[in-house]
$ cat start_21.cif   # mmCIF, C-alpha atoms and all ligand atoms; chains and numbers go by the auth columns
data_coords
#
loop_
_atom_site.group_PDB
_atom_site.id
_atom_site.type_symbol
_atom_site.label_atom_id
_atom_site.label_comp_id
_atom_site.label_asym_id
_atom_site.label_seq_id
_atom_site.Cartn_x
_atom_site.Cartn_y
_atom_site.Cartn_z
_atom_site.B_iso_or_equiv
_atom_site.auth_seq_id
_atom_site.auth_asym_id
ATOM 1 C CA MET A 1 42.439 -36.622 -118.655 0.00 33 A
ATOM 2 C CA ALA A 2 45.024 -34.170 -117.298 0.00 34 A
ATOM 3 C CA LYS A 3 44.826 -30.600 -118.523 0.00 35 A
ATOM 4 C CA ARG A 4 47.462 -29.247 -120.900 0.00 36 A
ATOM 5 C CA GLY A 5 50.720 -28.451 -119.128 0.00 37 A
ATOM 6 C CA GLU A 6 49.558 -29.907 -115.851 0.00 38 A
ATOM 7 C CA PRO A 7 52.214 -31.503 -113.638 0.00 39 A
ATOM 8 C CA ALA A 8 52.298 -35.225 -114.466 0.00 40 A
ATOM 9 C CA GLY A 9 50.054 -37.234 -112.163 0.00 41 A
ATOM 10 C CA ALA A 10 48.555 -34.148 -110.565 0.00 42 A
ATOM 11 C CA LYS A 11 44.957 -34.914 -111.470 0.00 43 A
ATOM 12 C CA LYS A 12 45.435 -38.548 -110.593 0.00 44 A
ATOM 13 C CA ALA A 13 46.564 -37.578 -107.126 0.00 45 A
ATOM 14 C CA GLY A 14 43.521 -35.338 -106.748 0.00 46 A
ATOM 15 C CA ARG A 15 41.146 -38.115 -107.790 0.00 47 A
ATOM 16 C CA SER A 16 42.593 -40.692 -105.439 0.00 48 A
ATOM 17 C CA GLU A 17 42.165 -38.541 -102.350 0.00 49 A
ATOM 18 C CA SER A 18 39.332 -39.435 -100.056 0.00 50 A
ATOM 19 C CA LEU A 19 36.577 -37.036 -99.106 0.00 51 A
ATOM 20 C CA ALA A 20 37.978 -36.939 -95.575 0.00 52 A
ATOM 21 C CA VAL A 21 41.428 -35.840 -96.808 0.00 53 A
ATOM 22 C CA ARG A 22 39.944 -33.117 -99.024 0.00 54 A
ATOM 23 C CA ARG A 23 37.728 -31.940 -96.160 0.00 55 A
ATOM 24 C CA ARG A 24 40.696 -31.657 -93.823 0.00 56 A
ATOM 25 C CA ARG A 25 42.669 -29.711 -96.412 0.00 57 A
ATOM 26 C CA LEU A 26 39.745 -27.382 -97.031 0.00 58 A
ATOM 27 C CA ASP A 27 39.406 -26.753 -93.282 0.00 59 A
ATOM 28 C CA ARG A 28 43.091 -25.947 -93.012 0.00 60 A
ATOM 29 C CA VAL A 29 43.140 -23.626 -96.016 0.00 61 A
ATOM 30 C CA MET A 30 39.974 -21.741 -95.019 0.00 62 A
ATOM 31 C CA THR A 31 41.303 -21.248 -91.495 0.00 63 A
ATOM 32 C CA HIS A 32 44.570 -19.803 -92.862 0.00 64 A
ATOM 33 C CA LEU A 33 42.736 -17.585 -95.336 0.00 65 A
ATOM 34 C CA GLY A 34 40.456 -16.254 -92.613 0.00 66 A
ATOM 35 C CA GLN A 35 43.552 -15.106 -90.729 0.00 67 A
ATOM 36 C CA ALA A 36 45.299 -13.639 -93.796 0.00 68 A
ATOM 37 C CA LEU A 37 42.474 -11.728 -95.477 0.00 69 A
ATOM 38 C CA PRO A 38 41.732 -8.685 -93.266 0.00 70 A
ATOM 39 C CA PRO A 39 44.300 -6.305 -94.847 0.00 71 A
ATOM 40 C CA LEU A 40 43.116 -7.165 -98.368 0.00 72 A
ATOM 41 C CA GLU A 41 40.329 -5.340 -100.185 0.00 73 A
ATOM 42 C CA GLU A 42 36.854 -6.923 -99.867 0.00 74 A
ATOM 43 C CA PRO A 43 34.997 -8.020 -103.030 0.00 75 A
ATOM 44 C CA ALA A 44 32.736 -5.297 -104.501 0.00 76 A
ATOM 45 C CA VAL A 45 29.370 -6.787 -103.562 0.00 77 A
ATOM 46 C CA GLU A 46 30.342 -7.406 -99.924 0.00 78 A
ATOM 47 C CA LYS A 47 31.727 -3.877 -99.711 0.00 79 A
ATOM 48 C CA LEU A 48 28.550 -2.399 -101.149 0.00 80 A
ATOM 49 C CA ALA A 49 26.421 -4.536 -98.826 0.00 81 A
ATOM 50 C CA GLU A 50 28.237 -3.053 -95.824 0.00 82 A
ATOM 51 C CA GLU A 51 27.782 0.490 -97.108 0.00 83 A
ATOM 52 C CA GLU A 52 24.104 -0.072 -97.874 0.00 84 A
ATOM 53 C CA GLN A 53 23.283 -2.036 -94.704 0.00 85 A
ATOM 54 C CA SER A 54 22.745 -5.198 -96.750 0.00 86 A
ATOM 55 C CA ASP A 55 19.802 -3.758 -98.723 0.00 87 A
ATOM 56 C CA PRO A 56 18.754 -6.914 -100.662 0.00 88 A
ATOM 57 C CA PHE A 57 17.633 -4.927 -103.712 0.00 89 A
ATOM 58 C CA LYS A 58 20.956 -3.112 -104.046 0.00 90 A
ATOM 59 C CA VAL A 59 22.925 -6.306 -103.428 0.00 91 A
ATOM 60 C CA LEU A 60 20.908 -8.067 -106.132 0.00 92 A
ATOM 61 C CA ILE A 61 21.482 -5.268 -108.651 0.00 93 A
ATOM 62 C CA ALA A 62 25.212 -4.951 -107.844 0.00 94 A
ATOM 63 C CA THR A 63 25.668 -8.716 -108.144 0.00 95 A
ATOM 64 C CA LEU A 64 23.958 -8.707 -111.527 0.00 96 A
ATOM 65 C CA LEU A 65 26.230 -5.873 -112.692 0.00 97 A
ATOM 66 C CA SER A 66 29.362 -7.586 -111.340 0.00 98 A
ATOM 67 C CA ALA A 67 29.371 -10.526 -113.776 0.00 99 A
ATOM 68 C CA ARG A 68 32.621 -10.455 -115.786 0.00 100 A
ATOM 69 C CA THR A 69 33.351 -6.944 -114.559 0.00 101 A
ATOM 70 C CA ARG A 70 36.220 -5.660 -112.448 0.00 102 A
ATOM 71 C CA ASP A 71 35.305 -4.722 -108.887 0.00 103 A
ATOM 72 C CA PRO A 72 36.084 -0.978 -109.077 0.00 104 A
ATOM 73 C CA VAL A 73 33.942 -0.699 -112.234 0.00 105 A
ATOM 74 C CA THR A 74 31.068 -2.576 -110.548 0.00 106 A
ATOM 75 C CA LEU A 75 31.193 -0.347 -107.483 0.00 107 A
ATOM 76 C CA GLU A 76 31.237 2.907 -109.435 0.00 108 A
ATOM 77 C CA ALA A 77 28.476 1.791 -111.828 0.00 109 A
ATOM 78 C CA SER A 78 26.268 0.564 -108.961 0.00 110 A
ATOM 79 C CA ASN A 79 26.683 3.798 -107.051 0.00 111 A
ATOM 80 C CA ARG A 80 25.882 5.913 -110.141 0.00 112 A
ATOM 81 C CA LEU A 81 22.724 3.879 -110.712 0.00 113 A
ATOM 82 C CA PHE A 82 21.617 3.995 -107.041 0.00 114 A
ATOM 83 C CA ALA A 83 22.187 7.754 -106.889 0.00 115 A
ATOM 84 C CA ARG A 84 19.603 8.083 -109.676 0.00 116 A
ATOM 85 C CA ALA A 85 17.218 5.300 -108.590 0.00 117 A
ATOM 86 C CA ALA A 86 17.374 3.567 -105.221 0.00 118 A
ATOM 87 C CA THR A 87 14.240 1.401 -105.318 0.00 119 A
ATOM 88 C CA PRO A 88 12.629 -1.038 -107.790 0.00 120 A
ATOM 89 C CA ALA A 89 9.877 1.530 -108.492 0.00 121 A
ATOM 90 C CA GLU A 90 12.356 4.300 -109.300 0.00 122 A
ATOM 91 C CA MET A 91 14.544 2.003 -111.396 0.00 123 A
ATOM 92 C CA ALA A 92 11.616 0.548 -113.341 0.00 124 A
ATOM 93 C CA ASN A 93 10.771 4.089 -114.412 0.00 125 A
ATOM 94 C CA LEU A 94 14.167 4.695 -115.993 0.00 126 A
ATOM 95 C CA ARG A 95 14.600 4.183 -119.726 0.00 127 A
ATOM 96 C CA VAL A 96 16.856 1.296 -120.718 0.00 128 A
ATOM 97 C CA SER A 97 19.101 3.783 -122.528 0.00 129 A
ATOM 98 C CA THR A 98 19.461 5.798 -119.289 0.00 130 A
ATOM 99 C CA ILE A 99 20.389 2.666 -117.333 0.00 131 A
ATOM 100 C CA GLU A 100 22.918 1.804 -120.059 0.00 132 A
ATOM 101 C CA LYS A 101 24.583 5.204 -119.680 0.00 133 A
ATOM 102 C CA LEU A 102 24.630 4.964 -115.889 0.00 134 A
ATOM 103 C CA ILE A 103 26.180 1.491 -115.733 0.00 135 A
ATOM 104 C CA TYR A 104 28.628 1.813 -118.641 0.00 136 A
ATOM 105 C CA PRO A 105 31.397 0.434 -118.840 0.00 137 A
ATOM 106 C CA VAL A 106 30.333 -2.782 -117.061 0.00 138 A
ATOM 107 C CA SER A 107 30.582 -5.800 -119.351 0.00 139 A
ATOM 108 C CA PHE A 108 27.476 -6.519 -121.428 0.00 140 A
ATOM 109 C CA TYR A 109 25.979 -3.235 -120.202 0.00 141 A
ATOM 110 C CA ARG A 110 23.249 -3.301 -122.853 0.00 142 A
ATOM 111 C CA ASN A 111 21.952 -6.738 -121.819 0.00 143 A
ATOM 112 C CA LYS A 112 22.347 -5.912 -118.153 0.00 144 A
ATOM 113 C CA ALA A 113 20.393 -2.651 -118.541 0.00 145 A
ATOM 114 C CA ARG A 114 17.497 -4.559 -120.124 0.00 146 A
ATOM 115 C CA HIS A 115 17.621 -7.147 -117.339 0.00 147 A
ATOM 116 C CA VAL A 116 17.709 -4.494 -114.607 0.00 148 A
ATOM 117 C CA LYS A 117 14.575 -2.822 -115.926 0.00 149 A
ATOM 118 C CA ALA A 118 12.710 -6.105 -116.539 0.00 150 A
ATOM 119 C CA MET A 119 13.729 -7.409 -113.122 0.00 151 A
ATOM 120 C CA CYS A 120 12.465 -4.280 -111.354 0.00 152 A
ATOM 121 C CA ARG A 121 9.119 -4.613 -113.130 0.00 153 A
ATOM 122 C CA GLN A 122 8.841 -8.251 -112.014 0.00 154 A
ATOM 123 C CA LEU A 123 9.741 -7.344 -108.431 0.00 155 A
ATOM 124 C CA LEU A 124 6.943 -4.764 -108.424 0.00 156 A
ATOM 125 C CA LYS A 125 4.397 -6.992 -110.137 0.00 157 A
ATOM 126 C CA ARG A 126 5.030 -10.219 -108.246 0.00 158 A
ATOM 127 C CA TYR A 127 6.645 -9.260 -104.922 0.00 159 A
ATOM 128 C CA ARG A 128 5.423 -5.717 -104.188 0.00 160 A
ATOM 129 C CA GLY A 129 8.924 -4.403 -104.732 0.00 161 A
ATOM 130 C CA ARG A 130 10.610 -6.833 -102.351 0.00 162 A
ATOM 131 C CA VAL A 131 13.398 -9.261 -103.183 0.00 163 A
ATOM 132 C CA PRO A 132 12.180 -12.873 -102.929 0.00 164 A
ATOM 133 C CA VAL A 133 14.075 -15.163 -100.585 0.00 165 A
ATOM 134 C CA THR A 134 14.189 -18.502 -102.376 0.00 166 A
ATOM 135 C CA MET A 135 16.548 -19.781 -105.044 0.00 167 A
ATOM 136 C CA GLU A 136 13.622 -20.771 -107.244 0.00 168 A
ATOM 137 C CA ALA A 137 12.012 -17.335 -107.140 0.00 169 A
ATOM 138 C CA LEU A 138 15.300 -15.479 -107.570 0.00 170 A
ATOM 139 C CA THR A 139 16.454 -17.500 -110.579 0.00 171 A
ATOM 140 C CA ALA A 140 13.064 -16.903 -112.245 0.00 172 A
ATOM 141 C CA LEU A 141 13.895 -13.172 -112.387 0.00 173 A
ATOM 142 C CA PRO A 142 15.379 -11.796 -115.641 0.00 174 A
ATOM 143 C CA GLY A 143 19.185 -12.032 -115.727 0.00 175 A
ATOM 144 C CA VAL A 144 19.493 -13.857 -112.406 0.00 176 A
ATOM 145 C CA GLY A 145 21.433 -17.139 -112.399 0.00 177 A
ATOM 146 C CA ARG A 146 22.546 -19.319 -109.500 0.00 178 A
ATOM 147 C CA LYS A 147 25.631 -17.212 -108.787 0.00 179 A
ATOM 148 C CA THR A 148 23.644 -13.988 -108.428 0.00 180 A
ATOM 149 C CA ALA A 149 20.911 -15.719 -106.434 0.00 181 A
ATOM 150 C CA ASN A 150 23.368 -17.419 -104.057 0.00 182 A
ATOM 151 C CA LEU A 151 25.339 -14.241 -103.411 0.00 183 A
ATOM 152 C CA THR A 152 22.176 -12.253 -102.738 0.00 184 A
ATOM 153 C CA LEU A 153 20.944 -14.909 -100.320 0.00 185 A
ATOM 154 C CA ILE A 154 24.299 -15.026 -98.510 0.00 186 A
ATOM 155 C CA VAL A 155 25.276 -11.353 -98.405 0.00 187 A
ATOM 156 C CA ALA A 156 21.927 -9.593 -98.094 0.00 188 A
ATOM 157 C CA LEU A 157 19.712 -12.216 -96.490 0.00 189 A
ATOM 158 C CA LYS A 158 22.443 -13.877 -94.352 0.00 190 A
ATOM 159 C CA SER A 159 21.571 -17.379 -95.535 0.00 191 A
ATOM 160 C CA PRO A 160 23.847 -20.050 -94.026 0.00 192 A
ATOM 161 C CA ASP A 161 22.659 -22.634 -96.576 0.00 193 A
ATOM 162 C CA ASN A 162 24.230 -21.425 -99.815 0.00 194 A
ATOM 163 C CA ILE A 163 27.582 -21.474 -101.571 0.00 195 A
ATOM 164 C CA CYS A 164 28.201 -18.890 -104.265 0.00 196 A
ATOM 165 C CA VAL A 165 30.586 -20.070 -106.971 0.00 197 A
ATOM 166 C CA ASP A 166 32.024 -17.612 -109.468 0.00 198 A
ATOM 167 C CA THR A 167 35.096 -18.076 -111.671 0.00 199 A
ATOM 168 C CA HIS A 168 37.503 -17.476 -108.748 0.00 200 A
ATOM 169 C CA VAL A 169 35.843 -20.060 -106.497 0.00 201 A
ATOM 170 C CA HIS A 170 35.649 -22.548 -109.377 0.00 202 A
ATOM 171 C CA ARG A 171 39.305 -22.104 -110.384 0.00 203 A
ATOM 172 C CA ILE A 172 40.811 -22.126 -106.896 0.00 204 A
ATOM 173 C CA SER A 173 38.734 -25.060 -105.627 0.00 205 A
ATOM 174 C CA ASN A 174 40.084 -27.101 -108.543 0.00 206 A
ATOM 175 C CA ARG A 175 43.691 -25.928 -108.110 0.00 207 A
ATOM 176 C CA LEU A 176 43.514 -26.874 -104.454 0.00 208 A
ATOM 177 C CA GLY A 177 42.157 -30.328 -105.338 0.00 209 A
ATOM 178 C CA TRP A 178 38.998 -29.878 -103.264 0.00 210 A
ATOM 179 C CA VAL A 179 36.878 -30.695 -106.318 0.00 211 A
ATOM 180 C CA GLU A 180 37.444 -31.902 -109.835 0.00 212 A
ATOM 181 C CA THR A 181 34.839 -30.148 -111.946 0.00 213 A
ATOM 182 C CA SER A 182 34.358 -28.464 -115.301 0.00 214 A
ATOM 183 C CA THR A 183 31.807 -25.726 -114.555 0.00 215 A
ATOM 184 C CA PRO A 184 31.003 -23.364 -111.668 0.00 216 A
ATOM 185 C CA GLU A 185 27.657 -25.098 -111.205 0.00 217 A
ATOM 186 C CA GLU A 186 29.336 -28.508 -110.820 0.00 218 A
ATOM 187 C CA THR A 187 31.754 -26.910 -108.362 0.00 219 A
ATOM 188 C CA GLU A 188 28.881 -25.518 -106.284 0.00 220 A
ATOM 189 C CA TYR A 189 27.291 -28.947 -105.872 0.00 221 A
ATOM 190 C CA ALA A 190 30.668 -30.631 -105.221 0.00 222 A
ATOM 191 C CA LEU A 191 31.516 -28.075 -102.539 0.00 223 A
ATOM 192 C CA TYR A 192 28.301 -28.836 -100.636 0.00 224 A
ATOM 193 C CA GLU A 193 29.817 -32.330 -100.213 0.00 225 A
ATOM 194 C CA VAL A 194 33.380 -31.340 -99.373 0.00 226 A
ATOM 195 C CA ALA A 195 33.010 -28.207 -97.273 0.00 227 A
ATOM 196 C CA ALA A 196 31.807 -28.196 -93.681 0.00 228 A
ATOM 197 C CA ARG A 197 28.662 -26.087 -93.344 0.00 229 A
ATOM 198 C CA ARG A 198 30.399 -23.333 -91.421 0.00 230 A
ATOM 199 C CA TRP A 199 32.422 -22.483 -94.535 0.00 231 A
ATOM 200 C CA TRP A 200 29.498 -22.332 -97.003 0.00 232 A
ATOM 201 C CA PRO A 201 28.674 -18.605 -96.711 0.00 233 A
ATOM 202 C CA LEU A 202 32.373 -17.702 -96.446 0.00 234 A
ATOM 203 C CA LEU A 203 33.789 -19.559 -99.448 0.00 235 A
ATOM 204 C CA ASN A 204 32.916 -16.825 -101.937 0.00 236 A
ATOM 205 C CA SER A 205 34.329 -13.853 -100.083 0.00 237 A
ATOM 206 C CA TYR A 206 37.510 -15.724 -99.054 0.00 238 A
ATOM 207 C CA LEU A 207 38.276 -17.186 -102.480 0.00 239 A
ATOM 208 C CA VAL A 208 37.277 -14.112 -104.495 0.00 240 A
ATOM 209 C CA THR A 209 39.597 -11.980 -102.362 0.00 241 A
ATOM 210 C CA TRP A 210 42.380 -14.575 -102.678 0.00 242 A
ATOM 211 C CA GLY A 211 41.754 -14.936 -106.405 0.00 243 A
ATOM 212 C CA GLN A 212 41.990 -11.192 -107.018 0.00 244 A
ATOM 213 C CA ASN A 213 45.179 -10.783 -105.005 0.00 245 A
ATOM 214 C CA VAL A 214 47.155 -14.038 -104.957 0.00 246 A
ATOM 215 C CA CYS A 215 45.669 -17.041 -106.758 0.00 247 A
ATOM 216 C CA ARG A 216 45.092 -15.066 -109.941 0.00 248 A
ATOM 217 C CA PRO A 217 43.778 -16.697 -113.136 0.00 249 A
ATOM 218 C CA LEU A 218 47.125 -16.267 -114.890 0.00 250 A
ATOM 219 C CA TYR A 219 50.437 -16.463 -113.077 0.00 251 A
ATOM 220 C CA PRO A 220 49.196 -17.171 -109.541 0.00 252 A
ATOM 221 C CA ARG A 221 51.600 -15.917 -106.876 0.00 253 A
ATOM 222 C CA CYS A 222 52.305 -19.354 -105.402 0.00 254 A
ATOM 223 C CA ASN A 223 55.640 -18.229 -103.947 0.00 255 A
ATOM 224 C CA HIS A 224 53.794 -15.687 -101.779 0.00 256 A
ATOM 225 C CA CYS A 225 50.824 -17.873 -100.925 0.00 257 A
ATOM 226 C CA ILE A 226 50.303 -18.834 -97.304 0.00 258 A
ATOM 227 C CA VAL A 227 48.295 -21.917 -98.243 0.00 259 A
ATOM 228 C CA ALA A 228 50.968 -23.257 -100.636 0.00 260 A
ATOM 229 C CA PRO A 229 51.910 -26.140 -98.281 0.00 261 A
ATOM 230 C CA ALA A 230 48.325 -27.426 -98.542 0.00 262 A
ATOM 231 C CA CYS A 231 47.969 -26.837 -102.292 0.00 263 A
ATOM 232 C CA PRO A 232 48.788 -29.382 -105.018 0.00 264 A
ATOM 233 C CA ARG A 233 48.514 -26.529 -107.589 0.00 265 A
ATOM 234 C CA LEU A 234 46.523 -28.657 -109.988 0.00 266 A
ATOM 235 C CA GLY A 235 46.533 -27.211 -113.505 0.00 267 A
ATOM 236 C CA VAL A 236 48.990 -24.405 -112.642 0.00 268 A
ATOM 237 C CA GLU A 237 51.499 -24.010 -115.473 0.00 269 A
ATOM 238 C CA LYS A 238 53.428 -20.879 -114.586 0.00 270 A
ATOM 239 C CA VAL A 239 53.589 -18.905 -111.402 0.00 271 A
ATOM 240 C CA GLY A 240 53.923 -15.127 -111.143 0.00 272 A
ATOM 241 C CA LYS A 241 55.894 -12.788 -108.924 0.00 273 A
HETATM 242 S S1 LIG B . 49.704 -22.203 -103.958 0.00 1 B
HETATM 243 FE FE1 LIG B . 49.311 -21.208 -105.930 0.00 1 B
HETATM 244 S S2 LIG B . 47.662 -22.399 -106.866 0.00 1 B
HETATM 245 FE FE2 LIG B . 47.656 -22.908 -104.693 0.00 1 B
HETATM 246 S S3 LIG B . 46.186 -21.489 -103.752 0.00 1 B
HETATM 247 FE FE3 LIG B . 48.207 -20.546 -103.583 0.00 1 B
HETATM 248 S S4 LIG B . 48.403 -19.228 -105.379 0.00 1 B
HETATM 249 FE FE4 LIG B . 46.715 -20.684 -105.777 0.00 1 B
#

$ encode --input "start_21.cif" --output "structure tokens"
Amino acid sequence: MAKRGEPAGAKKAGRSESLAVRRRRLDRVMTHLGQALPPLEEPAVEKLAEEEQSDPFKVLIATLLSARTRDPVTLEASNRLFARAATPAEMANLRVSTIEKLIYPVSFYRNKARHVKAMCRQLLKRYRGRVPVTMEALTALPGVGRKTANLTLIVALKSPDNICVDTHVHRISNRLGWVETSTPEETEYALYEVAARRWWPLLNSYLVTWGQNVCRPLYPRCNHCIVAPACPRLGVEKVGK
């Protein structure tokens, strides 16, 4: 069923397209985005990874803090926490209330503070303070879901085999008609089918950057979007300036 306010027939058109057509459109859009992104600000976790030489522990913590939190808030909170404790051993020794104060105002800071401490303890107990390198081991850690695990594997451990889907990647992939899915997890699995492997580690950074600057959740800036000719704008009701 078409979403409320969707252009008539839009979803139908998306459904009828073959995998080959969607693949070609994805190739074209990703190529254009790759050329257009450099002047735009990088997502917080990628930025932090560059500053911290891709330290997997710091990338994992920053990714956990970034859920439902604006990038500048994530960056500042992560840096405050790392200035006080830079390793799992140091962080496990902090009180939860201290972590809460350091990471405030990230969303759900109380839950995240508990997860940070519990995760550091598990890293020490099970992995001698190292970050594990498999999806199974990562998602067994407190507070770590597929999104956090995928981004850690891609950004810190340079995995070419993962796609990280957050709300931006989920929304834009559906607007572009690459996938037709209801949840980020469904989108992740659908993208493994549609996207050529060379795009897998890049999809998150390209679409998060585009989603923060152009293809915003509300009022996407379609009139200023360089990929508009390749976009059916599925589900877009109103565009912004
Ligand atoms: S044309 Fe609009 S909906 Fe499509 S990618 Fe660009 S901003 Fe998003």

$ atom_distance --input "start_21.cif" --atom1 "atom CA of A:Arg55" --atom2 "atom CA of A:Glu73"
27.0 Å

$ axis_aligned_box --input "start_21.cif" --around "ligand LIG 1 (chain B)" --padding-each-side "3 Å" --output "lines of an AutoDock Vina configuration file"
center_x = 47.9
center_y = -21.1
center_z = -105.2
size_x = 9.5
size_y = 9.7
size_z = 9.3

$ closest_residue --input "start_21.cif" --among "A:Ser50, A:Thr171, A:Thr184, A:Asn125" --to "A:Pro88" --atoms "only C-alpha atoms"
A:Thr184

$ residues_near_ligand --input "start_21.cif" --ligand "ligand LIG 1 (chain B)" --cutoff "10 Å" --atoms "only C-alpha atoms and all ligand atoms" --output "PyMOL selection string"
chain A and resi 61+65+203-209+239+242-243+245-249+251-272

$ resolve_selection --input "start_21.cif" --expression "the PyMOL selection byres (((chain A and resi 169) around 12) and not hetatm)" --output "PyMOL selection string"
chain A and resi 151+154-155+158-159+162-168+170-174+176-178+181-182+185

$ resolve_selection --input "start_21.cif" --expression "the PyMOL selection byres (((chain A and resi 105-120) around 10) and not hetatm)" --output "tab-separated table (two decimals) with C-alpha atoms, in the frame of the given file"
chain	number	residue	atom	x	y	z
A	75	PRO	CA	35.00	-8.02	-103.03
A	76	ALA	CA	32.74	-5.30	-104.50
A	77	VAL	CA	29.37	-6.79	-103.56
A	79	LYS	CA	31.73	-3.88	-99.71
A	80	LEU	CA	28.55	-2.40	-101.15
A	89	PHE	CA	17.63	-4.93	-103.71
A	90	LYS	CA	20.96	-3.11	-104.05
A	91	VAL	CA	22.92	-6.31	-103.43
A	93	ILE	CA	21.48	-5.27	-108.65
A	94	ALA	CA	25.21	-4.95	-107.84
A	95	THR	CA	25.67	-8.72	-108.14
A	96	LEU	CA	23.96	-8.71	-111.53
A	97	LEU	CA	26.23	-5.87	-112.69
A	98	SER	CA	29.36	-7.59	-111.34
A	99	ALA	CA	29.37	-10.53	-113.78
A	100	ARG	CA	32.62	-10.46	-115.79
A	101	THR	CA	33.35	-6.94	-114.56
A	102	ARG	CA	36.22	-5.66	-112.45
A	103	ASP	CA	35.30	-4.72	-108.89
A	104	PRO	CA	36.08	-0.98	-109.08
A	121	ALA	CA	9.88	1.53	-108.49
A	122	GLU	CA	12.36	4.30	-109.30
A	123	MET	CA	14.54	2.00	-111.40
A	124	ALA	CA	11.62	0.55	-113.34
A	125	ASN	CA	10.77	4.09	-114.41
A	126	LEU	CA	14.17	4.70	-115.99
A	130	THR	CA	19.46	5.80	-119.29
A	131	ILE	CA	20.39	2.67	-117.33
A	132	GLU	CA	22.92	1.80	-120.06
A	133	LYS	CA	24.58	5.20	-119.68
A	134	LEU	CA	24.63	4.96	-115.89
A	135	ILE	CA	26.18	1.49	-115.73
A	136	TYR	CA	28.63	1.81	-118.64
A	137	PRO	CA	31.40	0.43	-118.84
A	138	VAL	CA	30.33	-2.78	-117.06
A	139	SER	CA	30.58	-5.80	-119.35
A	148	VAL	CA	17.71	-4.49	-114.61
A	149	LYS	CA	14.58	-2.82	-115.93
A	151	MET	CA	13.73	-7.41	-113.12
A	152	CYS	CA	12.46	-4.28	-111.35
A	153	ARG	CA	9.12	-4.61	-113.13
A	154	GLN	CA	8.84	-8.25	-112.01
A	155	LEU	CA	9.74	-7.34	-108.43
A	156	LEU	CA	6.94	-4.76	-108.42
A	160	ARG	CA	5.42	-5.72	-104.19
A	161	GLY	CA	8.92	-4.40	-104.73
A	162	ARG	CA	10.61	-6.83	-102.35
A	163	VAL	CA	13.40	-9.26	-103.18

$ atom_distance --input "start_21.cif" --atom1 "atom CA of A:Leu235" --atom2 "atom CA of A:Tyr141"
27.5 Å

$ atom_distance --input "start_21.cif" --atom1 "atom CA of A:Pro216" --atom2 "atom CA of A:Tyr238"
16.1 Å

$ residues_around --input "start_21.cif" --residues "A:Val197" --least-positions-apart "6" --cutoff "8 Å" --atoms "all atoms listed in the file" --output "CSV table (one decimal) with C-alpha atoms, in the frame of the given file"
chain,number,residue,atom,x,y,z
A,179,LYS,CA,25.6,-17.2,-108.8
A,216,PRO,CA,31.0,-23.4,-111.7
A,217,GLU,CA,27.7,-25.1,-111.2
A,219,THR,CA,31.8,-26.9,-108.4
A,220,GLU,CA,28.9,-25.5,-106.3
A,236,ASN,CA,32.9,-16.8,-101.9

$ decode --input "start_21.cif" --residues "stretch 112-121 of chain A" --atoms "N, CA, C and O atoms" --output "tab-separated table (two decimals), in the first residue's frame"
chain	number	residue	atom	x	y	z
A	112	ARG	N	34.74	14.50	25.56
A	112	ARG	CA	34.78	14.70	27.02
A	112	ARG	C	35.05	13.38	27.73
A	112	ARG	O	35.86	13.29	28.64
A	113	LEU	N	34.38	12.33	27.25
A	113	LEU	CA	34.55	11.01	27.88
A	113	LEU	C	35.98	10.49	27.66
A	113	LEU	O	36.62	10.00	28.59
A	114	PHE	N	36.51	10.62	26.45
A	114	PHE	CA	37.85	10.09	26.15
A	114	PHE	C	38.94	10.89	26.88
A	114	PHE	O	40.00	10.35	27.19
A	115	ALA	N	38.67	12.17	27.14
A	115	ALA	CA	39.66	12.96	27.87
A	115	ALA	C	39.79	12.42	29.30
A	115	ALA	O	40.84	12.54	29.93
A	116	ARG	N	38.72	11.85	29.82
A	116	ARG	CA	38.72	11.33	31.19
A	116	ARG	C	39.15	9.86	31.22
A	116	ARG	O	39.79	9.41	32.17
A	117	ALA	N	38.77	9.10	30.18
A	117	ALA	CA	39.07	7.66	30.16
A	117	ALA	C	39.23	7.23	28.70
A	117	ALA	O	38.27	7.30	27.94
A	118	ALA	N	40.43	6.80	28.35
A	118	ALA	CA	40.70	6.51	26.93
A	118	ALA	C	40.75	5.03	26.61
A	118	ALA	O	40.91	4.65	25.46
A	119	THR	N	40.65	4.18	27.63
A	119	THR	CA	40.75	2.73	27.40
A	119	THR	C	39.60	2.02	28.12
A	119	THR	O	39.00	2.59	29.04
A	120	PRO	N	39.31	0.76	27.74
A	120	PRO	CA	38.26	0.03	28.45
A	120	PRO	C	38.54	-0.05	29.95
A	120	PRO	O	37.62	0.07	30.76
A	121	ALA	N	39.80	-0.24	30.35
A	121	ALA	CA	40.12	-0.36	31.77
A	121	ALA	C	39.81	0.95	32.51
A	121	ALA	O	39.20	0.94	33.59
